[in-house]
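Chemist: The structure that follows is given in the form of structure tokens.
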Amino acid sequence: MTRLIEPGFGVQIEREDGGGLDFRVAEVADDAIVLVGSTETPAPGERVRIAWGSSRGAFAGVTRVLEAEEEPSDDGLVQLYARIVVENPDQVKREERRRFLRVRATVPFDVTVAGREISGSSEDVSANGLRGRIPGHLVPATEAQVRITLPFGVVAARGRVVRCRSVEHLHGTSEIALSYEAPDPRTEDRIVSFVLARERELVRIRRSS
């Protein structure tokens, strides 16, 4: 296990209700992994799926939360710090890398909930969802329609609000995470094509800097 996951790796926690949480690996021991982030935490005892990627590929496994602690801001609106300890998964499976890959990318998107359309800007995009900022607030777990404006055109998919929280230093702005709900193969391929092209662009930028 320690050969597959190391401190510094980004990890996504997937909960049974479909919600996703982003963490980073702080420590890896023989029987446990310590994760830190700035998001809500699953409860101790909760079973979750953890997924991560590295140069060796993309991997995932089911585990159990052993410890969890949070530090919200004084007004309780923003999660400043979160730390959880999870068991090392008994089994780790290799995932299809193209579906797991997430890249930093700023593209416009629209999210429609109950006839209300809100326009936002992404911070990162993957084949499974996106994270970005919107004006106002949407309730987590709400079903939505998502439209993303990519360089080669607009793609649309049914989605769900995974989380939405206020941005402390930007009044009236929220950070939102959206998941796509079973997009059709053509839509998924178009999103993946964008993500892979963006990854190659970022690699070129890093190599030239």
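The chains in the structure tokens are called A, B, ... from first to last as shown; in each chain the residues are counted from 1, and the ligands are counted from 1 in the order shown.
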Looking only at the backbone, which of the residues in stretch 2-154 of chain A does DSSP tag as helix (DSSP H, G or I), as an MDAnalysis selection string?
Modeler: chainID A and resid 97:100
Chemist: Please provide the set of residues having any atom within 12 Å of A:Glu143, restricted to only C-alpha atoms, with same-chain residues fewer than 3 positions apart removed, written as an mmCIF file with all heavy atoms, in the first residue's frame.
Modeler:
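Listed below is the output, part_3.cif:
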data_model
loop_
_atom_site.group_PDB
_atom_site.id
_atom_site.type_symbol
_atom_site.label_atom_id
_atom_site.label_comp_id
_atom_site.auth_asym_id
_atom_site.auth_seq_id
_atom_site.Cartn_x
_atom_site.Cartn_y
_atom_site.Cartn_z
ATOM 1 N N GLY A 18 -22.998 9.799 -2.295
ATOM 2 C CA GLY A 18 -22.577 10.325 -3.578
ATOM 3 C C GLY A 18 -21.731 11.570 -3.494
ATOM 4 O O GLY A 18 -21.210 12.044 -4.495
ATOM 5 N N VAL A 111 -25.098 26.332 -14.145
ATOM 6 C CA VAL A 111 -25.782 25.281 -13.399
ATOM 7 C C VAL A 111 -27.226 25.728 -13.176
ATOM 8 O O VAL A 111 -27.471 26.855 -12.748
ATOM 9 C CB VAL A 111 -25.067 24.970 -12.061
ATOM 10 C CG1 VAL A 111 -24.892 26.210 -11.215
ATOM 11 C CG2 VAL A 111 -25.820 23.893 -11.279
ATOM 12 N N THR A 112 -28.169 24.853 -13.523
ATOM 13 C CA THR A 112 -29.587 25.180 -13.415
ATOM 14 C C THR A 112 -30.244 24.263 -12.402
ATOM 15 O O THR A 112 -30.165 23.036 -12.513
ATOM 16 C CB THR A 112 -30.290 25.031 -14.778
ATOM 17 O OG1 THR A 112 -29.640 25.882 -15.741
ATOM 18 C CG2 THR A 112 -31.751 25.431 -14.670
ATOM 19 N N VAL A 113 -30.895 24.867 -11.409
ATOM 20 C CA VAL A 113 -31.595 24.127 -10.359
ATOM 21 C C VAL A 113 -33.003 24.688 -10.237
ATOM 22 O O VAL A 113 -33.174 25.899 -9.995
ATOM 23 C CB VAL A 113 -30.862 24.242 -9.005
ATOM 24 C CG1 VAL A 113 -31.671 23.595 -7.894
ATOM 25 C CG2 VAL A 113 -29.482 23.611 -9.094
ATOM 26 N N ALA A 114 -33.991 23.827 -10.438
ATOM 27 C CA ALA A 114 -35.395 24.240 -10.307
ATOM 28 C C ALA A 114 -35.698 25.491 -11.130
ATOM 29 O O ALA A 114 -36.363 26.419 -10.665
ATOM 30 C CB ALA A 114 -35.741 24.464 -8.834
ATOM 31 N N GLY A 115 -35.173 25.539 -12.354
ATOM 32 C CA GLY A 115 -35.438 26.645 -13.242
ATOM 33 C C GLY A 115 -34.576 27.873 -13.017
ATOM 34 O O GLY A 115 -34.649 28.839 -13.787
ATOM 35 N N LEU A 138 -26.184 27.244 -3.449
ATOM 36 C CA LEU A 138 -27.072 26.144 -3.795
ATOM 37 C C LEU A 138 -26.979 25.070 -2.716
ATOM 38 O O LEU A 138 -25.926 24.879 -2.112
ATOM 39 C CB LEU A 138 -26.700 25.556 -5.156
ATOM 40 C CG LEU A 138 -26.959 26.451 -6.376
ATOM 41 C CD1 LEU A 138 -26.411 25.809 -7.640
ATOM 42 C CD2 LEU A 138 -28.453 26.738 -6.536
ATOM 43 N N VAL A 139 -28.061 24.361 -2.511
ATOM 44 C CA VAL A 139 -28.125 23.362 -1.446
ATOM 45 C C VAL A 139 -27.446 22.070 -1.904
ATOM 46 O O VAL A 139 -27.755 21.552 -2.986
ATOM 47 C CB VAL A 139 -29.586 23.069 -1.059
ATOM 48 C CG1 VAL A 139 -29.656 21.974 0.006
ATOM 49 C CG2 VAL A 139 -30.269 24.339 -0.572
ATOM 50 N N PRO A 140 -26.493 21.535 -1.106
ATOM 51 C CA PRO A 140 -25.850 20.265 -1.463
ATOM 52 C C PRO A 140 -26.866 19.141 -1.643
ATOM 53 O O PRO A 140 -27.921 19.134 -1.012
ATOM 54 C CB PRO A 140 -24.923 20.005 -0.270
ATOM 55 C CG PRO A 140 -24.624 21.368 0.264
ATOM 56 C CD PRO A 140 -25.895 22.153 0.087
ATOM 57 N N VAL A 146 -26.019 20.837 -15.814
ATOM 58 C CA VAL A 146 -24.716 21.508 -15.904
ATOM 59 C C VAL A 146 -24.351 21.690 -17.374
ATOM 60 O O VAL A 146 -24.436 20.743 -18.162
ATOM 61 C CB VAL A 146 -23.621 20.682 -15.194
ATOM 62 C CG1 VAL A 146 -22.287 21.420 -15.224
ATOM 63 C CG2 VAL A 146 -24.023 20.364 -13.762
ATOM 64 N N ALA A 157 -24.787 18.022 -19.166
ATOM 65 C CA ALA A 157 -25.042 16.752 -18.494
ATOM 66 C C ALA A 157 -25.901 16.988 -17.265
ATOM 67 O O ALA A 157 -25.893 18.082 -16.690
ATOM 68 C CB ALA A 157 -23.728 16.083 -18.084
ATOM 69 N N ARG A 158 -26.656 15.973 -16.889
ATOM 70 C CA ARG A 158 -27.326 16.016 -15.587
ATOM 71 C C ARG A 158 -26.266 15.950 -14.506
ATOM 72 O O ARG A 158 -25.244 15.275 -14.665
ATOM 73 C CB ARG A 158 -28.300 14.854 -15.424
ATOM 74 C CG ARG A 158 -29.530 14.952 -16.287
ATOM 75 C CD ARG A 158 -30.519 13.867 -15.950
ATOM 76 N NE ARG A 158 -29.959 12.526 -16.129
ATOM 77 C CZ ARG A 158 -29.655 11.698 -15.134
ATOM 78 N NH1 ARG A 158 -29.827 12.070 -13.879
ATOM 79 N NH2 ARG A 158 -29.161 10.505 -15.390
ATOM 80 N N GLY A 159 -26.492 16.635 -13.401
ATOM 81 C CA GLY A 159 -25.492 16.647 -12.345
ATOM 82 C C GLY A 159 -26.119 16.745 -10.968
ATOM 83 O O GLY A 159 -27.345 16.696 -10.811
ATOM 84 N N ARG A 160 -25.245 16.877 -9.997
ATOM 85 C CA ARG A 160 -25.674 17.000 -8.606
ATOM 86 C C ARG A 160 -24.704 17.931 -7.880
ATOM 87 O O ARG A 160 -23.496 17.899 -8.126
ATOM 88 C CB ARG A 160 -25.685 15.623 -7.932
ATOM 89 C CG ARG A 160 -26.190 15.623 -6.493
ATOM 90 C CD ARG A 160 -26.242 14.204 -5.951
ATOM 91 N NE ARG A 160 -27.163 13.371 -6.703
ATOM 92 C CZ ARG A 160 -28.474 13.288 -6.449
ATOM 93 N NH1 ARG A 160 -28.991 14.016 -5.452
ATOM 94 N NH2 ARG A 160 -29.235 12.509 -7.162
ATOM 95 N N VAL A 161 -25.253 18.751 -6.993
ATOM 96 C CA VAL A 161 -24.421 19.624 -6.158
ATOM 97 C C VAL A 161 -23.817 18.776 -5.044
ATOM 98 O O VAL A 161 -24.549 18.265 -4.188
ATOM 99 C CB VAL A 161 -25.239 20.789 -5.567
ATOM 100 C CG1 VAL A 161 -24.350 21.675 -4.693
ATOM 101 C CG2 VAL A 161 -25.885 21.619 -6.670
ATOM 102 N N VAL A 162 -22.509 18.589 -5.068
ATOM 103 C CA VAL A 162 -21.840 17.790 -4.043
ATOM 104 C C VAL A 162 -21.653 18.612 -2.777
ATOM 105 O O VAL A 162 -21.932 18.172 -1.673
ATOM 106 C CB VAL A 162 -20.487 17.273 -4.556
ATOM 107 C CG1 VAL A 162 -19.746 16.521 -3.457
ATOM 108 C CG2 VAL A 162 -20.694 16.370 -5.772
ATOM 109 N N ARG A 163 -21.181 19.846 -2.949
ATOM 110 C CA ARG A 163 -21.057 20.752 -1.805
ATOM 111 C C ARG A 163 -21.058 22.185 -2.310
ATOM 112 O O ARG A 163 -20.765 22.445 -3.482
ATOM 113 C CB ARG A 163 -19.790 20.476 -0.992
ATOM 114 C CG ARG A 163 -18.494 20.727 -1.725
ATOM 115 C CD ARG A 163 -17.286 20.465 -0.822
ATOM 116 N NE ARG A 163 -16.045 20.696 -1.523
ATOM 117 C CZ ARG A 163 -15.457 19.820 -2.326
ATOM 118 N NH1 ARG A 163 -16.022 18.642 -2.511
ATOM 119 N NH2 ARG A 163 -14.333 20.127 -2.940
ATOM 120 N N LEU A 178 -19.499 20.067 -8.282
ATOM 121 C CA LEU A 178 -20.585 19.419 -9.009
ATOM 122 C C LEU A 178 -20.113 18.072 -9.546
ATOM 123 O O LEU A 178 -18.975 17.951 -10.013
ATOM 124 C CB LEU A 178 -21.029 20.289 -10.190
ATOM 125 C CG LEU A 178 -21.622 21.664 -9.859
ATOM 126 C CD1 LEU A 178 -21.625 22.545 -11.094
ATOM 127 C CD2 LEU A 178 -23.036 21.506 -9.321
ATOM 128 N N SER A 179 -20.967 17.075 -9.471
ATOM 129 C CA SER A 179 -20.672 15.784 -10.093
ATOM 130 C C SER A 179 -21.618 15.594 -11.268
ATOM 131 O O SER A 179 -22.747 16.096 -11.261
ATOM 132 C CB SER A 179 -20.838 14.637 -9.099
ATOM 133 O OG SER A 179 -22.193 14.529 -8.673
ATOM 134 N N TYR A 180 -21.139 14.880 -12.305
ATOM 135 C CA TYR A 180 -22.002 14.556 -13.431
ATOM 136 C C TYR A 180 -22.684 13.225 -13.145
ATOM 137 O O TYR A 180 -22.064 12.288 -12.643
ATOM 138 C CB TYR A 180 -21.205 14.438 -14.732
ATOM 139 C CG TYR A 180 -20.149 15.500 -14.951
ATOM 140 C CD1 TYR A 180 -18.851 15.150 -15.319
ATOM 141 C CD2 TYR A 180 -20.435 16.847 -14.773
ATOM 142 C CE1 TYR A 180 -17.885 16.107 -15.532
ATOM 143 C CE2 TYR A 180 -19.469 17.809 -14.969
ATOM 144 C CZ TYR A 180 -18.189 17.435 -15.342
ATOM 145 O OH TYR A 180 -17.219 18.387 -15.533
ATOM 146 N N GLU A 181 -23.948 13.142 -13.498
ATOM 147 C CA GLU A 181 -24.708 11.922 -13.267
ATOM 148 C C GLU A 181 -24.824 11.153 -14.584
ATOM 149 O O GLU A 181 -25.647 11.475 -15.432
ATOM 150 C CB GLU A 181 -26.106 12.255 -12.730
ATOM 151 C CG GLU A 181 -26.094 13.030 -11.409
ATOM 152 C CD GLU A 181 -25.683 12.146 -10.245
ATOM 153 O OE1 GLU A 181 -26.165 10.999 -10.176
ATOM 154 O OE2 GLU A 181 -24.896 12.612 -9.416
#
Chemist: Which is closer to A:Ile84 than all the others in A:Leu4, A:Val36, A:Ala58, A:Val103, using only C-alpha atoms?
Modeler: A:Val36
Chemist: Using backbone DSSP assignments, extract all strand (DSSP E) residues from chain A; output them as a ChimeraX atom specification.
Modeler: /A:10-14,20-28,32-37,47-54,57-72,79-87,93-95,102-104,108-113,116-126,129-135,143-150,153-166,173-180
Chemist: Which of these, A:Val28, A:Leu196, A:Val154, A:Ala60, has the shortest distance to A:Val107 once you count only C-alpha atoms?
Modeler: A:Val154
Chemist: Considering only C-alpha atoms, state which residue in the set A:Ile5, A:Ile148, A:Val48, A:Ile13 is at the smallest distance from A:Ser126.
Modeler: A:Ile148
Chemist: Pick out the residues sitting within 8 Å of A:Arg102, and hand them over as number ranges by chain; count only C-alpha atoms, and ignore anything fewer than 6 positions along from it in its own chain.
Modeler: A: 124-127, 195
Chemist: Residues as selected, all heavy atoms, written as a PDB file, in the first residue's frame, can you do that?
Modeler:
ATOM      1  N   ASP A 124     -11.195  23.622 -11.385  1.00  0.00           N
ATOM      2  CA  ASP A 124     -10.658  22.382 -11.937  1.00  0.00           C
ATOM      3  C   ASP A 124     -11.790  21.560 -12.540  1.00  0.00           C
ATOM      4  O   ASP A 124     -12.960  21.726 -12.186  1.00  0.00           O
ATOM      5  CB  ASP A 124      -9.843  21.584 -10.910  1.00  0.00           C
ATOM      6  CG  ASP A 124     -10.636  21.199  -9.684  1.00  0.00           C
ATOM      7  OD1 ASP A 124     -11.706  20.590  -9.831  1.00  0.00           O
ATOM      8  OD2 ASP A 124     -10.173  21.492  -8.564  1.00  0.00           O
ATOM      9  N   VAL A 125     -11.408  20.685 -13.468  1.00  0.00           N
ATOM     10  CA  VAL A 125     -12.383  19.908 -14.232  1.00  0.00           C
ATOM     11  C   VAL A 125     -11.894  18.469 -14.329  1.00  0.00           C
ATOM     12  O   VAL A 125     -10.691  18.219 -14.483  1.00  0.00           O
ATOM     13  CB  VAL A 125     -12.568  20.489 -15.655  1.00  0.00           C
ATOM     14  CG1 VAL A 125     -13.571  19.651 -16.452  1.00  0.00           C
ATOM     15  CG2 VAL A 125     -13.021  21.943 -15.598  1.00  0.00           C
ATOM     16  N   SER A 126     -12.798  17.509 -14.241  1.00  0.00           N
ATOM     17  CA  SER A 126     -12.471  16.102 -14.462  1.00  0.00           C
ATOM     18  C   SER A 126     -13.593  15.463 -15.253  1.00  0.00           C
ATOM     19  O   SER A 126     -14.612  16.097 -15.549  1.00  0.00           O
ATOM     20  CB  SER A 126     -12.284  15.364 -13.131  1.00  0.00           C
ATOM     21  OG  SER A 126     -13.540  15.071 -12.544  1.00  0.00           O
ATOM     22  N   ALA A 127     -13.432  14.184 -15.578  1.00  0.00           N
ATOM     23  CA  ALA A 127     -14.482  13.458 -16.292  1.00  0.00           C
ATOM     24  C   ALA A 127     -15.671  13.165 -15.391  1.00  0.00           C
ATOM     25  O   ALA A 127     -16.733  12.780 -15.879  1.00  0.00           O
ATOM     26  CB  ALA A 127     -13.925  12.153 -16.846  1.00  0.00           C
ATOM     27  N   VAL A 195      -9.782  17.491 -20.868  1.00  0.00           N
ATOM     28  CA  VAL A 195      -8.946  17.286 -19.684  1.00  0.00           C
ATOM     29  C   VAL A 195      -7.556  16.800 -20.087  1.00  0.00           C
ATOM     30  O   VAL A 195      -6.533  17.293 -19.593  1.00  0.00           O
ATOM     31  CB  VAL A 195      -9.616  16.290 -18.715  1.00  0.00           C
ATOM     32  CG1 VAL A 195      -8.651  15.870 -17.610  1.00  0.00           C
ATOM     33  CG2 VAL A 195     -10.869  16.914 -18.100  1.00  0.00           C
TER      34      VAL A 195
END
Chemist: With a distance cut-off of 9 Å and only C-alpha atoms, select the neighbouring residues of A:Ile118, excluding the residue or stretch itself and same-chain residues fewer than 2 positions from it, and output the selection as a list in words.
Modeler: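 Surrounding residues, per the criterion: Phe109, Asp110, Val111, Thr112, Val113, Arg116, Gly120, Ile134, Pro135 and Gly136 of chain A.
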Chemist: Select, from A:Ala105, A:Val92, A:Leu35, A:Ile50, the residue with the minimum atom-to-atom distance to A:Glu70, counting only C-alpha atoms.
Modeler: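 With only C-alpha atoms as the atom set, the closest residue is A:Leu35.
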Chemist: Find the spatial neighbours of A:Glu175, counting only C-alpha atoms, within a cut-off of 8 Å - ignore same-chain residues fewer than 2 positions away - and output them as a list in words.
Modeler: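 Those residues are Arg131, Gly132, Arg133, Ile134, Cys164, Arg165, Ser166, Val167, Thr173 and Ala177 of chain A.
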Chemist: Find the distance between atom CA of A:Glu6 and atom CA of A:Glu27 and write it in Å to one decimal.
Modeler: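 Value for the atom CA of A:Glu6-atom CA of A:Glu27 distance: 7.5 Å.
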Chemist: Could you name the residues that touch stretch 188-194 of chain A at 9 Å or less, counting only C-alpha atoms, but leaving out those on the same chain fewer than 2 positions away, as an mmCIF file with all heavy atoms, in the first residue's frame?
Modeler:
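Generated file (result.cif):
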data_model
loop_
_atom_site.group_PDB
_atom_site.id
_atom_site.type_symbol
_atom_site.label_atom_id
_atom_site.label_comp_id
_atom_site.auth_asym_id
_atom_site.auth_seq_id
_atom_site.Cartn_x
_atom_site.Cartn_y
_atom_site.Cartn_z
ATOM 1 N N ARG A 98 -8.159 7.938 -17.231
ATOM 2 C CA ARG A 98 -8.777 9.079 -17.906
ATOM 3 C C ARG A 98 -10.011 9.568 -17.163
ATOM 4 O O ARG A 98 -10.356 10.740 -17.207
ATOM 5 C CB ARG A 98 -9.134 8.721 -19.350
ATOM 6 C CG ARG A 98 -10.320 7.808 -19.510
ATOM 7 C CD ARG A 98 -10.649 7.579 -20.971
ATOM 8 N NE ARG A 98 -12.087 7.395 -21.138
ATOM 9 C CZ ARG A 98 -12.753 7.753 -22.216
ATOM 10 N NH1 ARG A 98 -12.114 8.335 -23.213
ATOM 11 N NH2 ARG A 98 -14.051 7.566 -22.311
ATOM 12 N N ARG A 99 -10.716 8.660 -16.456
ATOM 13 C CA ARG A 99 -11.887 9.085 -15.694
ATOM 14 C C ARG A 99 -11.506 9.746 -14.394
ATOM 15 O O ARG A 99 -12.254 10.528 -13.835
ATOM 16 C CB ARG A 99 -12.799 7.877 -15.410
ATOM 17 C CG ARG A 99 -13.547 7.378 -16.612
ATOM 18 C CD ARG A 99 -14.555 6.326 -16.208
ATOM 19 N NE ARG A 99 -15.441 6.799 -15.153
ATOM 20 C CZ ARG A 99 -16.514 7.574 -15.356
ATOM 21 N NH1 ARG A 99 -16.812 7.966 -16.574
ATOM 22 N NH2 ARG A 99 -17.266 7.947 -14.348
ATOM 23 N N LEU A 101 -8.535 11.528 -13.824
ATOM 24 C CA LEU A 101 -7.675 12.693 -13.983
ATOM 25 C C LEU A 101 -8.450 13.996 -13.798
ATOM 26 O O LEU A 101 -9.506 14.203 -14.375
ATOM 27 C CB LEU A 101 -7.040 12.670 -15.377
ATOM 28 C CG LEU A 101 -6.031 13.774 -15.686
ATOM 29 C CD1 LEU A 101 -4.823 13.662 -14.772
ATOM 30 C CD2 LEU A 101 -5.602 13.681 -17.147
ATOM 31 N N VAL A 125 -11.408 20.685 -13.468
ATOM 32 C CA VAL A 125 -12.383 19.908 -14.232
ATOM 33 C C VAL A 125 -11.894 18.469 -14.329
ATOM 34 O O VAL A 125 -10.691 18.219 -14.483
ATOM 35 C CB VAL A 125 -12.568 20.489 -15.655
ATOM 36 C CG1 VAL A 125 -13.571 19.651 -16.452
ATOM 37 C CG2 VAL A 125 -13.021 21.943 -15.598
ATOM 38 N N SER A 126 -12.798 17.509 -14.241
ATOM 39 C CA SER A 126 -12.471 16.102 -14.462
ATOM 40 C C SER A 126 -13.593 15.463 -15.253
ATOM 41 O O SER A 126 -14.612 16.097 -15.549
ATOM 42 C CB SER A 126 -12.284 15.364 -13.131
ATOM 43 O OG SER A 126 -13.540 15.071 -12.544
ATOM 44 N N ALA A 127 -13.432 14.184 -15.578
ATOM 45 C CA ALA A 127 -14.482 13.458 -16.292
ATOM 46 C C ALA A 127 -15.671 13.165 -15.391
ATOM 47 O O ALA A 127 -16.733 12.780 -15.879
ATOM 48 C CB ALA A 127 -13.925 12.153 -16.846
ATOM 49 N N ASN A 128 -15.508 13.357 -14.087
ATOM 50 C CA ASN A 128 -16.578 13.044 -13.137
ATOM 51 C C ASN A 128 -17.282 14.274 -12.588
ATOM 52 O O ASN A 128 -18.349 14.164 -11.991
ATOM 53 C CB ASN A 128 -16.022 12.239 -11.964
ATOM 54 C CG ASN A 128 -15.452 10.913 -12.399
ATOM 55 O OD1 ASN A 128 -16.082 10.190 -13.148
ATOM 56 N ND2 ASN A 128 -14.248 10.599 -11.950
ATOM 57 N N LEU A 150 -16.514 24.683 -23.295
ATOM 58 C CA LEU A 150 -15.141 24.266 -23.558
ATOM 59 C C LEU A 150 -14.648 24.939 -24.843
ATOM 60 O O LEU A 150 -15.450 25.480 -25.605
ATOM 61 C CB LEU A 150 -15.075 22.743 -23.683
ATOM 62 C CG LEU A 150 -15.512 21.968 -22.429
ATOM 63 C CD1 LEU A 150 -15.498 20.475 -22.707
ATOM 64 C CD2 LEU A 150 -14.636 22.311 -21.246
ATOM 65 N N PRO A 151 -13.344 24.909 -25.107
ATOM 66 C CA PRO A 151 -12.821 25.601 -26.292
ATOM 67 C C PRO A 151 -13.459 25.157 -27.603
ATOM 68 O O PRO A 151 -13.559 25.930 -28.544
ATOM 69 C CB PRO A 151 -11.326 25.251 -26.259
ATOM 70 C CG PRO A 151 -11.031 25.013 -24.813
ATOM 71 C CD PRO A 151 -12.262 24.375 -24.253
ATOM 72 N N PHE A 152 -13.926 23.887 -27.669
ATOM 73 C CA PHE A 152 -14.497 23.375 -28.914
ATOM 74 C C PHE A 152 -16.017 23.349 -28.891
ATOM 75 O O PHE A 152 -16.653 22.794 -29.781
ATOM 76 C CB PHE A 152 -13.968 21.966 -29.200
ATOM 77 C CG PHE A 152 -14.035 21.056 -28.002
ATOM 78 C CD1 PHE A 152 -15.229 20.528 -27.557
ATOM 79 C CD2 PHE A 152 -12.877 20.748 -27.302
ATOM 80 C CE1 PHE A 152 -15.284 19.698 -26.461
ATOM 81 C CE2 PHE A 152 -12.918 19.912 -26.205
ATOM 82 C CZ PHE A 152 -14.125 19.387 -25.781
ATOM 83 N N VAL A 155 -20.821 21.498 -23.675
ATOM 84 C CA VAL A 155 -21.293 20.161 -23.316
ATOM 85 C C VAL A 155 -22.262 20.290 -22.145
ATOM 86 O O VAL A 155 -22.150 21.219 -21.336
ATOM 87 C CB VAL A 155 -20.124 19.216 -22.933
ATOM 88 C CG1 VAL A 155 -19.222 18.981 -24.124
ATOM 89 C CG2 VAL A 155 -19.333 19.755 -21.763
ATOM 90 N N ALA A 182 -23.957 10.175 -14.782
ATOM 91 C CA ALA A 182 -23.991 9.281 -15.950
ATOM 92 C C ALA A 182 -24.137 10.044 -17.260
ATOM 93 O O ALA A 182 -25.141 9.909 -17.969
ATOM 94 C CB ALA A 182 -25.134 8.272 -15.795
ATOM 95 N N PRO A 183 -23.134 10.859 -17.629
ATOM 96 C CA PRO A 183 -23.215 11.549 -18.919
ATOM 97 C C PRO A 183 -23.171 10.551 -20.075
ATOM 98 O O PRO A 183 -22.626 9.455 -19.940
ATOM 99 C CB PRO A 183 -21.960 12.435 -18.916
ATOM 100 C CG PRO A 183 -21.002 11.747 -17.996
ATOM 101 C CD PRO A 183 -21.861 11.116 -16.935
ATOM 102 N N ASP A 184 -23.750 10.922 -21.212
ATOM 103 C CA ASP A 184 -23.717 10.017 -22.356
ATOM 104 C C ASP A 184 -22.276 9.885 -22.848
ATOM 105 O O ASP A 184 -21.438 10.758 -22.599
ATOM 106 C CB ASP A 184 -24.630 10.515 -23.471
ATOM 107 C CG ASP A 184 -24.173 11.846 -24.044
ATOM 108 O OD1 ASP A 184 -23.229 11.854 -24.849
ATOM 109 O OD2 ASP A 184 -24.757 12.886 -23.668
ATOM 110 N N PRO A 185 -21.942 8.788 -23.534
ATOM 111 C CA PRO A 185 -20.548 8.534 -23.929
ATOM 112 C C PRO A 185 -19.916 9.674 -24.734
ATOM 113 O O PRO A 185 -18.736 9.986 -24.545
ATOM 114 C CB PRO A 185 -20.657 7.254 -24.769
ATOM 115 C CG PRO A 185 -21.872 6.563 -24.237
ATOM 116 C CD PRO A 185 -22.826 7.658 -23.884
ATOM 117 N N ARG A 186 -20.676 10.315 -25.615
ATOM 118 C CA ARG A 186 -20.100 11.390 -26.431
ATOM 119 C C ARG A 186 -19.726 12.580 -25.553
ATOM 120 O O ARG A 186 -18.644 13.167 -25.711
ATOM 121 C CB ARG A 186 -21.082 11.831 -27.513
ATOM 122 C CG ARG A 186 -20.506 12.910 -28.442
ATOM 123 C CD ARG A 186 -21.424 13.141 -29.636
ATOM 124 N NE ARG A 186 -20.842 14.126 -30.547
ATOM 125 C CZ ARG A 186 -21.055 15.436 -30.449
ATOM 126 N NH1 ARG A 186 -21.835 15.910 -29.490
ATOM 127 N NH2 ARG A 186 -20.496 16.273 -31.317
ATOM 128 N N LEU A 196 -7.484 15.841 -21.004
ATOM 129 C CA LEU A 196 -6.189 15.310 -21.440
ATOM 130 C C LEU A 196 -5.377 16.381 -22.171
ATOM 131 O O LEU A 196 -4.157 16.481 -21.977
ATOM 132 C CB LEU A 196 -6.393 14.093 -22.328
ATOM 133 C CG LEU A 196 -6.988 12.852 -21.655
ATOM 134 C CD1 LEU A 196 -7.259 11.761 -22.677
ATOM 135 C CD2 LEU A 196 -6.073 12.341 -20.554
ATOM 136 N N ALA A 197 -6.042 17.187 -23.007
ATOM 137 C CA ALA A 197 -5.334 18.261 -23.708
ATOM 138 C C ALA A 197 -4.809 19.296 -22.717
ATOM 139 O O ALA A 197 -3.688 19.805 -22.863
ATOM 140 C CB ALA A 197 -6.265 18.915 -24.724
ATOM 141 N N ARG A 198 -5.606 19.600 -21.718
ATOM 142 C CA ARG A 198 -5.185 20.565 -20.702
ATOM 143 C C ARG A 198 -4.018 20.014 -19.889
ATOM 144 O O ARG A 198 -3.078 20.748 -19.558
ATOM 145 C CB ARG A 198 -6.357 20.890 -19.782
ATOM 146 C CG ARG A 198 -6.053 21.817 -18.620
ATOM 147 C CD ARG A 198 -5.553 23.164 -19.072
ATOM 148 N NE ARG A 198 -5.363 24.059 -17.920
ATOM 149 C CZ ARG A 198 -4.624 25.149 -17.945
ATOM 150 N NH1 ARG A 198 -4.008 25.515 -19.061
ATOM 151 N NH2 ARG A 198 -4.504 25.898 -16.878
ATOM 152 N N GLU A 199 -4.038 18.703 -19.583
ATOM 153 C CA GLU A 199 -2.920 18.108 -18.852
ATOM 154 C C GLU A 199 -1.630 18.219 -19.658
ATOM 155 O O GLU A 199 -0.572 18.569 -19.122
ATOM 156 C CB GLU A 199 -3.204 16.647 -18.528
ATOM 157 C CG GLU A 199 -2.092 16.013 -17.699
ATOM 158 C CD GLU A 199 -2.188 14.505 -17.611
ATOM 159 O OE1 GLU A 199 -2.663 13.885 -18.576
ATOM 160 O OE2 GLU A 199 -1.776 13.949 -16.589
#
Chemist: Restricting the calculation to only C-alpha atoms, which member of A:Arg206, A:Arg47, A:His137, A:Arg83 is positioned closest to A:Phe23?
Modeler: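 Looking only at the distances to A:Phe23, the closest residue turns out to be A:Arg83.
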Chemist: Please provide the set of residues having any atom within 12 Å of A:Val65, restricted to only C-alpha atoms, with same-chain residues fewer than 6 positions apart removed, written as a PyMOL selection string.
Modeler: chain A and resi 13-15+32-35+41-50+83-89
